[in-house]
Structure formats: structure tokens, C-alpha cells
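*Asks:* This is my_file.cif (mmCIF, C-alpha atoms and all ligand atoms).
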data_work
loop_
_atom_site.label_atom_id
_atom_site.label_comp_id
_atom_site.auth_asym_id
_atom_site.auth_seq_id
_atom_site.Cartn_x
_atom_site.Cartn_y
_atom_site.Cartn_z
CA MET G 274 -11.83 -20.01 -43.16
CA ASN G 275 -15.54 -20.25 -43.72
CA ARG G 276 -18.02 -20.76 -40.90
CA ARG G 277 -18.35 -24.50 -41.44
CA THR G 278 -14.59 -25.14 -41.42
CA PHE G 279 -14.21 -22.92 -38.40
CA LEU G 280 -16.85 -24.74 -36.40
CA LYS G 281 -15.31 -28.08 -37.28
CA SER G 282 -12.03 -26.89 -35.86
CA VAL G 283 -13.51 -25.89 -32.52
CA PRO G 284 -13.30 -29.29 -30.76
CA ALA G 285 -9.67 -29.46 -31.79
CA LEU G 286 -9.04 -26.07 -30.21
CA ALA G 287 -10.78 -27.16 -27.06
CA MET G 288 -8.70 -30.36 -26.86
CA LEU G 289 -5.55 -28.31 -27.27
CA ALA G 290 -6.53 -25.96 -24.50
CA SER G 291 -7.40 -28.89 -22.28
CA ALA G 292 -4.06 -30.58 -22.82
CA GLU G 293 -2.19 -27.48 -21.73
CA THR G 294 -4.37 -26.91 -18.71
CA SER G 295 -2.67 -27.41 -15.38
CA PHE G 296 -5.90 -28.04 -13.47
CA SER G 297 -9.62 -28.10 -13.92
CA ALA G 298 -12.75 -28.16 -11.85
CA ASP G 299 -12.28 -31.78 -10.82
CA VAL G 300 -9.17 -31.01 -8.76
CA ASN G 301 -9.52 -31.02 -5.04
CA THR G 302 -9.68 -27.80 -3.18
CA THR G 303 -6.51 -26.50 -1.62
CA ALA G 304 -5.51 -23.47 0.34
CA ALA G 305 -1.78 -23.88 -0.26
CA GLY G 306 -1.31 -20.20 -1.07
CA ALA G 307 -3.62 -18.96 1.69
CA ALA G 308 -0.94 -17.43 3.87
CA GLN G 309 1.72 -17.26 1.19
CA GLN G 310 2.87 -13.85 0.05
CA ILE G 311 3.32 -13.07 -3.61
CA THR G 312 6.89 -13.40 -4.88
CA ALA G 313 7.01 -11.27 -7.98
CA GLY G 314 9.52 -13.15 -10.16
CA ASP G 315 9.47 -13.57 -13.94
CA VAL G 316 6.70 -16.12 -13.52
CA ILE G 317 4.20 -16.26 -10.69
CA LYS G 318 2.85 -19.80 -10.34
CA LEU G 319 -0.70 -19.40 -9.11
CA SER G 320 -2.34 -21.69 -6.58
CA LYS G 321 -5.41 -23.77 -7.18
CA PRO G 322 -8.62 -22.01 -6.25
CA ASP G 323 -10.46 -23.19 -3.18
CA LEU G 324 -13.71 -24.29 -4.77
CA LYS G 325 -15.50 -25.04 -1.55
CA LYS G 326 -15.42 -21.68 0.19
CA GLY G 327 -17.31 -18.48 -0.36
CA THR G 328 -20.41 -16.46 0.34
CA ALA G 329 -23.70 -17.84 -0.98
CA THR G 330 -24.53 -16.53 -4.44
CA MET G 331 -27.61 -14.57 -3.38
CA GLU G 332 -25.79 -12.93 -0.49
CA ALA G 333 -22.86 -12.02 -2.77
CA LEU G 334 -25.26 -10.44 -5.27
CA SER G 335 -26.92 -8.47 -2.49
CA LYS G 336 -23.52 -7.03 -1.49
CA ARG G 337 -22.05 -6.32 -4.93
CA LYS G 338 -21.00 -2.69 -5.30
CA SER G 339 -18.22 -0.44 -6.56
CA ASP G 340 -15.61 0.50 -3.94
CA ARG G 341 -13.18 3.41 -3.94
CA ASN G 342 -11.79 3.49 -0.41
CA TYR G 343 -8.84 1.12 -0.45
CA SER G 344 -5.95 0.29 1.86
CA ASP G 345 -2.53 -0.81 0.65
CA LYS G 346 -2.79 -4.19 2.38
CA LYS G 347 -1.25 -6.88 0.21
CA LEU G 348 -3.22 -9.78 -1.22
CA THR G 349 -2.05 -13.31 -0.54
CA LEU G 350 -0.96 -15.56 -3.37
CA GLN G 351 -4.20 -17.49 -2.88
CA GLN G 352 -6.30 -14.36 -3.33
CA LEU G 353 -4.41 -13.24 -6.42
CA SER G 354 -4.79 -16.75 -7.85
CA GLU G 355 -8.48 -16.87 -7.09
CA VAL G 356 -9.26 -13.41 -8.49
CA LEU G 357 -7.73 -14.43 -11.80
CA TRP G 358 -9.33 -17.85 -11.84
CA ALA G 359 -12.71 -16.36 -10.97
CA ALA G 360 -12.25 -13.79 -13.73
CA ASP G 361 -11.68 -16.18 -16.61
CA GLY G 362 -9.89 -19.32 -15.44
CA VAL G 363 -10.37 -22.81 -16.80
CA ASN G 364 -13.20 -24.56 -14.97
CA ARG G 365 -13.72 -27.69 -17.05
CA PRO G 366 -11.50 -30.43 -18.48
CA ASP G 367 -12.21 -29.28 -22.04
CA GLY G 368 -10.50 -25.96 -21.40
CA LYS G 369 -13.64 -23.84 -21.18
CA ARG G 370 -13.67 -21.00 -18.66
CA THR G 371 -15.57 -19.31 -15.84
CA ALA G 372 -16.75 -16.60 -18.27
CA PRO G 373 -18.64 -17.35 -21.48
CA THR G 374 -17.33 -16.49 -24.94
CA ALA G 375 -18.90 -16.29 -28.40
CA ILE G 376 -17.76 -19.13 -30.66
CA PHE G 377 -14.50 -19.57 -28.78
CA MET G 378 -13.22 -16.07 -29.41
CA TYR G 379 -11.70 -15.85 -25.92
CA ALA G 380 -10.90 -12.33 -26.94
CA VAL G 381 -9.90 -10.75 -23.62
CA ASP G 382 -6.39 -10.97 -22.15
CA ILE G 383 -5.99 -10.08 -18.50
CA TYR G 384 -3.00 -8.08 -17.32
CA ALA G 385 -2.30 -7.95 -13.60
CA VAL G 386 -0.67 -4.66 -12.66
CA LEU G 387 1.18 -5.29 -9.41
CA PRO G 388 3.41 -2.79 -7.58
CA GLU G 389 6.40 -4.84 -8.83
CA GLY G 390 5.45 -5.16 -12.48
CA VAL G 391 2.88 -5.85 -15.15
CA TYR G 392 2.03 -9.52 -15.72
CA LEU G 393 -0.04 -11.37 -18.33
CA TYR G 394 -2.39 -14.08 -17.08
CA SER G 395 -1.81 -17.33 -18.90
CA VAL G 396 -5.21 -18.96 -18.58
CA ALA G 397 -4.17 -22.45 -19.70
CA LYS G 398 -1.17 -22.59 -17.37
CA HIS G 399 -2.82 -20.64 -14.55
CA GLU G 400 0.25 -18.50 -14.06
CA LEU G 401 1.37 -14.91 -14.50
CA THR G 402 4.22 -14.03 -16.82
CA LEU G 403 6.17 -10.82 -16.37
CA VAL G 404 5.69 -8.38 -19.24
CA VAL G 405 7.53 -5.40 -17.76
CA LYS G 406 9.15 -4.74 -14.39
CA GLY G 407 8.25 -1.63 -12.39
CA ASP G 408 5.27 0.16 -10.90
CA PHE G 409 2.88 1.15 -13.70
CA ARG G 410 -0.25 1.49 -11.59
CA LYS G 411 -0.50 5.20 -12.36
CA ASP G 412 -0.76 4.38 -16.08
CA THR G 413 -4.01 2.57 -15.42
CA THR G 414 -5.82 5.80 -14.59
CA THR G 415 -6.18 9.07 -16.48
CA GLN G 416 -4.54 12.46 -15.91
CA GLU G 417 -7.82 14.26 -16.56
CA TYR G 418 -9.70 12.28 -13.93
CA PRO G 419 -7.10 10.56 -11.75
CA GLN G 420 -8.39 8.08 -9.23
CA ASP G 421 -5.82 8.12 -6.46
CA PHE G 422 -6.69 4.76 -4.93
CA VAL G 423 -5.14 3.15 -7.99
CA TYR G 424 -1.67 4.16 -6.72
CA ILE G 425 -2.05 2.28 -3.44
CA THR G 426 -4.09 -0.82 -4.22
CA PRO G 427 -2.11 -4.05 -4.61
CA LEU G 428 -3.90 -5.16 -7.78
CA ASN G 429 -5.24 -3.43 -10.84
CA LEU G 430 -6.47 -5.65 -13.64
CA VAL G 431 -6.40 -4.35 -17.19
CA TYR G 432 -8.46 -6.09 -19.84
CA VAL G 433 -6.97 -6.08 -23.32
CA LEU G 434 -8.46 -7.16 -26.62
CA ASN G 435 -6.59 -10.10 -28.07
CA PHE G 436 -7.96 -10.61 -31.48
CA THR G 437 -4.96 -11.90 -33.30
CA LYS G 438 -6.65 -15.01 -34.62
CA ASN G 439 -7.94 -13.05 -37.58
CA TRP G 440 -10.76 -15.43 -38.33
CA GLN G 441 -12.46 -14.79 -41.63
CA ASP G 442 -15.73 -15.87 -40.12
CA THR G 443 -18.43 -13.42 -41.13
CA ALA G 444 -20.44 -13.89 -37.93
CA VAL G 445 -17.41 -12.92 -35.88
CA ASN G 446 -16.58 -9.94 -38.05
CA LYS G 447 -20.13 -8.63 -37.95
CA ASN G 448 -20.71 -9.03 -34.22
CA ARG G 449 -17.22 -8.75 -32.79
CA ASP G 450 -17.56 -5.61 -30.71
CA ARG G 451 -20.84 -6.58 -29.08
CA TRP G 452 -19.62 -10.10 -28.36
CA VAL G 453 -16.36 -8.88 -26.86
CA ALA G 454 -18.30 -6.44 -24.66
CA VAL G 455 -20.44 -9.27 -23.30
CA GLU G 456 -17.42 -11.50 -22.61
CA LEU G 457 -15.66 -8.63 -20.88
CA GLY G 458 -18.70 -7.75 -18.77
CA CYS G 459 -19.00 -11.33 -17.57
CA ILE G 460 -15.32 -11.41 -16.60
CA ALA G 461 -15.56 -8.16 -14.66
CA GLN G 462 -18.70 -9.28 -12.83
CA ASN G 463 -17.02 -12.58 -11.92
CA VAL G 464 -14.29 -10.53 -10.26
CA GLN G 465 -16.80 -8.35 -8.41
CA LEU G 466 -18.64 -11.36 -7.01
CA TYR G 467 -15.41 -13.10 -6.00
CA CYS G 468 -14.30 -9.94 -4.20
CA VAL G 469 -17.55 -9.73 -2.25
CA SER G 470 -17.15 -13.35 -1.25
CA GLU G 471 -13.54 -12.84 -0.16
CA GLY G 472 -14.20 -9.62 1.78
CA LEU G 473 -12.33 -7.52 -0.79
CA GLY G 474 -13.41 -4.39 -2.60
CA SER G 475 -13.43 -3.88 -6.36
CA VAL G 476 -14.38 -1.32 -8.97
CA ILE G 477 -14.59 -1.50 -12.74
CA ARG G 478 -12.81 1.47 -14.33
CA GLY G 479 -13.51 2.71 -17.82
CA LEU G 480 -11.33 5.74 -17.21
CA ILE G 481 -7.93 4.44 -18.17
CA ASP G 482 -5.15 6.07 -20.17
CA GLU G 483 -5.20 3.78 -23.19
CA ASN G 484 -2.38 5.63 -24.89
CA LYS G 485 0.00 5.32 -21.96
CA PHE G 486 -0.88 1.80 -20.91
CA SER G 487 -0.78 0.44 -24.46
CA LYS G 488 2.83 1.61 -24.71
CA VAL G 489 3.71 -0.19 -21.47
CA ILE G 490 2.48 -3.56 -22.77
CA LYS G 491 3.18 -2.83 -26.45
CA VAL G 492 -0.29 -3.15 -27.94
CA LYS G 493 -2.49 -0.70 -29.87
CA PRO G 494 -4.41 1.84 -27.76
CA GLU G 495 -7.73 0.54 -29.05
CA GLN G 496 -6.94 -2.90 -27.61
CA VAL G 497 -6.98 -1.53 -24.05
CA LEU G 498 -10.59 -2.06 -23.00
CA LEU G 499 -11.11 -1.62 -19.26
CA ALA G 500 -9.47 -1.69 -15.85
CA GLN G 501 -10.61 -3.07 -12.52
CA THR G 502 -9.15 -2.34 -9.12
CA VAL G 503 -9.09 -4.99 -6.40
CA GLY G 504 -7.98 -4.64 -2.79
CA TYR G 505 -8.79 -4.49 0.89
CA LEU G 506 -10.98 -1.62 1.99
CA LYS G 507 -10.00 0.83 4.74
C1 LIG G 601 -18.16 0.23 -18.12
C2 LIG G 601 -18.03 0.85 -16.76
C3 LIG G 601 -17.07 1.81 -16.53
C4 LIG G 601 -16.90 2.36 -15.25
N1 LIG G 601 -15.88 3.25 -15.05
C5 LIG G 601 -15.65 3.70 -13.80
C6 LIG G 601 -14.49 4.50 -13.53
O1 LIG G 601 -13.72 4.82 -14.41
N2 LIG G 601 -14.28 4.89 -12.27
C7 LIG G 601 -15.12 4.54 -11.24
O2 LIG G 601 -14.84 4.93 -10.10
N3 LIG G 601 -16.21 3.77 -11.46
C8 LIG G 601 -16.49 3.33 -12.70
N4 LIG G 601 -17.55 2.48 -12.93
C9 LIG G 601 -18.41 2.06 -11.80
C10 LIG G 601 -19.73 2.83 -11.81
O3 LIG G 601 -19.51 4.16 -11.44
C11 LIG G 601 -20.68 2.12 -10.84
O4 LIG G 601 -20.90 0.82 -11.26
C12 LIG G 601 -22.00 2.88 -10.73
O5 LIG G 601 -21.82 4.11 -10.09
C13 LIG G 601 -23.05 2.08 -9.95
O6 LIG G 601 -22.54 1.79 -8.64
P1 LIG G 601 -22.41 0.30 -8.10
O7 LIG G 601 -21.45 -0.42 -8.97
O8 LIG G 601 -21.89 0.45 -6.68
O9 LIG G 601 -23.74 -0.32 -8.16
C14 LIG G 601 -17.75 1.95 -14.19
C15 LIG G 601 -18.72 0.99 -14.43
C16 LIG G 601 -18.86 0.43 -15.68
C17 LIG G 601 -19.90 -0.65 -15.91
#
Any chance you could give the structure as C-alpha cells?

*Replies:*
Amino acid sequence: MNRRTFLKSVPALAMLASAETSFSADVNTTAAGAAQQITAGDVIKLSKPDLKKGTATMEALSKRKSDRNYSDKKLTLQQLSEVLWAADGVNRPDGKRTAPTAIFMYAVDIYAVLPEGVYLYSVAKHELTLVVKGDFRKDTTTQEYPQDFVYITPLNLVYVLNFTKNWQDTAVNKNRDRWVAVELGCIAQNVQLYCVSEGLGSVIRGLIDENKFSKVIKVKPEQVLLAQTVGYLK
């Protein structure tokens, strides 16, 4: 597909994403999952984010930091839902998301590593789908430099390159790595700011065992990009 044909197809892609989307920014706020615990079945239906709450942007920026002193306190369903939505959820009726992307690459999949299993975030459906049952939190850190908090926190996110679209677009091919890095950085910062606002801690982690974790979710090691821990602090 050349650049012109590709660009023509973009509105169609956006319409498709929109049609599949279970909610967008015009929905009312709700705190239905606020007190609800997470039931880790094959699918975890996520709640709508509460769009009206939160710390002011400037205050959140002033408090953003990396945290490494976590407790094992569980997140509520609402918090899990909001972390993922903040990360890269759909925020407009046309299917576009909280994080920007270069020419609709949407190249980053988010895996939620819970104590009960590893789940893939379906952005359009705003739900988590079970990929593999079991506790794989330890596979999101490295043996050489293990970070022990990973074993006790209720949520580790792992960001994975999803570049299966195989576009023949020369601009994408030439700039792919830089553009993916920017998209990923925006997602991770969205999570950090949400965590500040929600009174949670977070840390981006580049030290992840790509070889081990890629086997767990059956992708190539080079697709495993980054991890991020989220949880209550001690
Ligand atoms: C790409 C990247 C990879 C990182 N990897 C790790 C990591 O593996 N483990 C860790 O504890 N912190 C990691 N960090 C967090 C940095 O150590 C942290 O951002 C830095 O010390 C500045 O501290 P601050 O975030 O509190 O401002 C990483 C940060 C980035 C941007």
C-alpha cells in the first residue's frame, strides 16, 4: 500500500474502531467499580472511568515520581479500569485514544500481569482477556537485577510491540522505532499521572526479562518493550 492509499484508508479504520468501542468520552461518569474487587475470570469487563475526579494537572505533575516501596494491597476494579483507560483507552467517538500515535500505528499492546494471570487489554472493548493463567509477575523482572517489589504488587503492566499490520508505507518503515518510542513514552506517562492522582505509586521498568516474558505470551523477545509497576505504597 502506498502512502496515498494508506492515508485514504485511515478514516475507515477510525470508523471501525469507533463502532467496536463500548464507550467514549461523552459517557457519564460512574464509579460502579469503585468498591468492587477484581474477579479474574477469562474476561474482565472493565468499568467506565470516572472522568470528573482527580488531582489538578499541575499538582499531579509536581508529584510525579518513580516509586519502589509497594504494599500488596489489591486495586479495585475501578482502579484497574482507570489505569488502563488512562494508559491508552478510547477517549473520543472516532476511536482515538488518550495517548497519541503516528499515522494510526497504535503499535503498543498492553498486558496486565495480575497475580491470577496475564491479560491483554482490548482497547476497543475496554476489557481484559486472559492470555495465560498463573502468577508470572517474576517474569517481568530480570534475574541479574531483580526488583523484589514486582512479586508483591497487584499490577505490572508490560508493553508489547504489535506491528502485525505490515504496512508498506515508507514513512512508517523509516521512522518506526522512534515513533513507537514516543507512543510508548506517552502511554507510560499517562499511567504515572493517573497514579499520582489516585494516590497510587508507579515505576517504569526497562529491566525486564524479554526472553522469559515473550515465551509466556508467545511473542518474539524483541516485541517486549517495557514494564510498569502500579500499586499502593507502604
Ligand atoms: C526507559 C526507562 C527505563 C527505566 N527502567 C527502570 C527500571 O528498570 N527499574 C527502576 O526501578 N526504574 C526504572 N526507571 C525509572 C528511573 O530510574 C527514574 O525515572 C529516574 O531515576 C528518575 O526518577 P523519577 O522518575 O522519580 O523522577 C526507568 C525509567 C525510564 C524512562

*Asks:* Which residues come within 10 Å of Asn484 (chain G), counting all atoms listed in the file, excluding same-chain residues fewer than 4 positions away, as a list in words?

*Replies:*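 Near Asn484 (chain G), the qualifying residues are Asp412, Thr415, Lys488, Val489, Val492, Lys493, Pro494, Glu495 and Val497 of chain G.
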
*Asks:* Need the axis-aligned box for ligand LIG 601 (chain G) with 6 Å each side, so what are the centre and edges in Å to one decimal, as JSON?

*Replies:*
{"center_x": -18.7, "center_y": 2.1, "center_z": -12.4, "size_x": 22.0, "size_y": 17.6, "size_z": 23.4}

*Asks:* Just checking: using only C-alpha atoms, which residue out of G:Val381, G:Ile425, G:Val453, G:Ala461 ends up closest to Lys507 (chain G)?

*Replies:*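 Checking each candidate against Lys507 (chain G), we get G:Ile425 as the closest.
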
*Asks:* Name all residues at most 9 Å from Pro427 (chain G) (count all atoms listed in the file; drop same-chain ones fewer than 5 positions away) and give them as a PyMOL selection string.

*Replies:* chain G and resi 344-348+386-388+502-505

*Asks:* Which residues of region 394-456 of chain G sit at most 12 Å from region 463-470 of chain G, using all atoms listed in the file? Give each one's shortest atom pair and distance in Å (one decimal place), in chain and ascending residue order, as JSON lines.

*Replies:*
{"residue": "G:Leu428", "atom": "CA", "partner": "G:Val464", "partner_atom": "CA", "distance": 12.0}
{"residue": "G:Asn429", "atom": "CA", "partner": "G:Val464", "partner_atom": "CA", "distance": 11.5}
{"residue": "G:Leu430", "atom": "CA", "partner": "G:Val464", "partner_atom": "CA", "distance": 9.8}
{"residue": "G:Glu456", "atom": "CA", "partner": "G:Asn463", "partner_atom": "CA", "distance": 10.8}

*Asks:* Using all atoms listed in the file and a cutoff of 8 Å, can you tell me which residues are near (-1.9, -10.1, -20.1) in the file's coordinates, and write them out as a list in words?

*Replies:*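 Residues close enough to count: Asp382, Ile383, Tyr384, Ala385, Tyr392, Leu393, Tyr394, Ser395, Thr402, Val404, Val431, Tyr432 and Val433 of chain G.
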
*Asks:* Record the distance separating atom O7 of ligand LIG 601 (chain G) and CA of Thr374 (chain G), expressed in Å with one decimal.

*Replies:*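 Separating atom O7 of ligand LIG 601 (chain G) from CA of Thr374 (chain G) is a distance of 23.0 Å.
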
*Asks:* How would you report the residues lying within 6 Å of ligand LIG 601 (chain G), as a list in words, if you count all atoms listed in the file?

*Replies:* Lys338, Ser339, Val476, Ile477, Arg478, Gly479 and Leu480 of chain G

*Asks:* From the options G:His399, G:Met378, G:Thr349, G:Ile460, which residue's atoms come nearest to Val445 (chain G), counting only C-alpha atoms?

*Replies:*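 Of all the options, G:Met378 lies closest to Val445 (chain G).
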
*Asks:* For each of G:Pro419, G:Ala375, G:Glu471, G:Gln351, take the minimum atom-to-atom distance to Arg451 (chain G), counting all atoms listed in the file, then give the residue where this is smallest.

*Replies:*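 Counting all atoms listed in the file, the residue closest to Arg451 (chain G) is G:Ala375.
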
*Asks:* How many Å lie between CA of Ala397 (chain G) and CA of Asp323 (chain G), rounded to one decimal?

*Replies:*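 Value for the CA of Ala397 (chain G)-CA of Asp323 (chain G) distance: 17.7 Å.
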
*Asks:* Which residues are near Phe422 (chain G)? Cut-off 7 Å, all atoms listed in the file, ignore same chain within fewer than 3 positions. Put them as a PDB file with C-alpha atoms, keeping the file's coordinate frame.

*Replies:*
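Saved as out.pdb:
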ATOM      1  CA  ARG G 341     -13.180   3.410  -3.940  1.00  0.00           C
ATOM      2  CA  ASN G 342     -11.790   3.490  -0.410  1.00  0.00           C
ATOM      3  CA  TYR G 343      -8.840   1.120  -0.450  1.00  0.00           C
ATOM      4  CA  ILE G 425      -2.050   2.280  -3.440  1.00  0.00           C
ATOM      5  CA  THR G 426      -4.090  -0.820  -4.220  1.00  0.00           C
TER       6      THR G 426
END

*Asks:* Which residue gives the smallest distance to Val356 (chain G) among G:Lys321, G:Leu498, G:Lys406, G:Lys411, with all atoms listed in the file counted?

*Replies:*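 Checking each candidate against Val356 (chain G), we get G:Lys321 as the closest.
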
*Asks:* Find the distance between CA of Cys459 (chain G) and CA of Ile311 (chain G) and write it in Å to one decimal.

*Replies:*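 CA of Cys459 (chain G) sits 26.4 Å away from CA of Ile311 (chain G).
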
*Asks:* May I ask which of the residues G:Asp361, G:Asp442, G:Glu400, G:Glu483 is the closest one to Gly458 (chain G), counting only C-alpha atoms?

*Replies:*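 Counting only C-alpha atoms, the residue closest to Gly458 (chain G) is G:Asp361.
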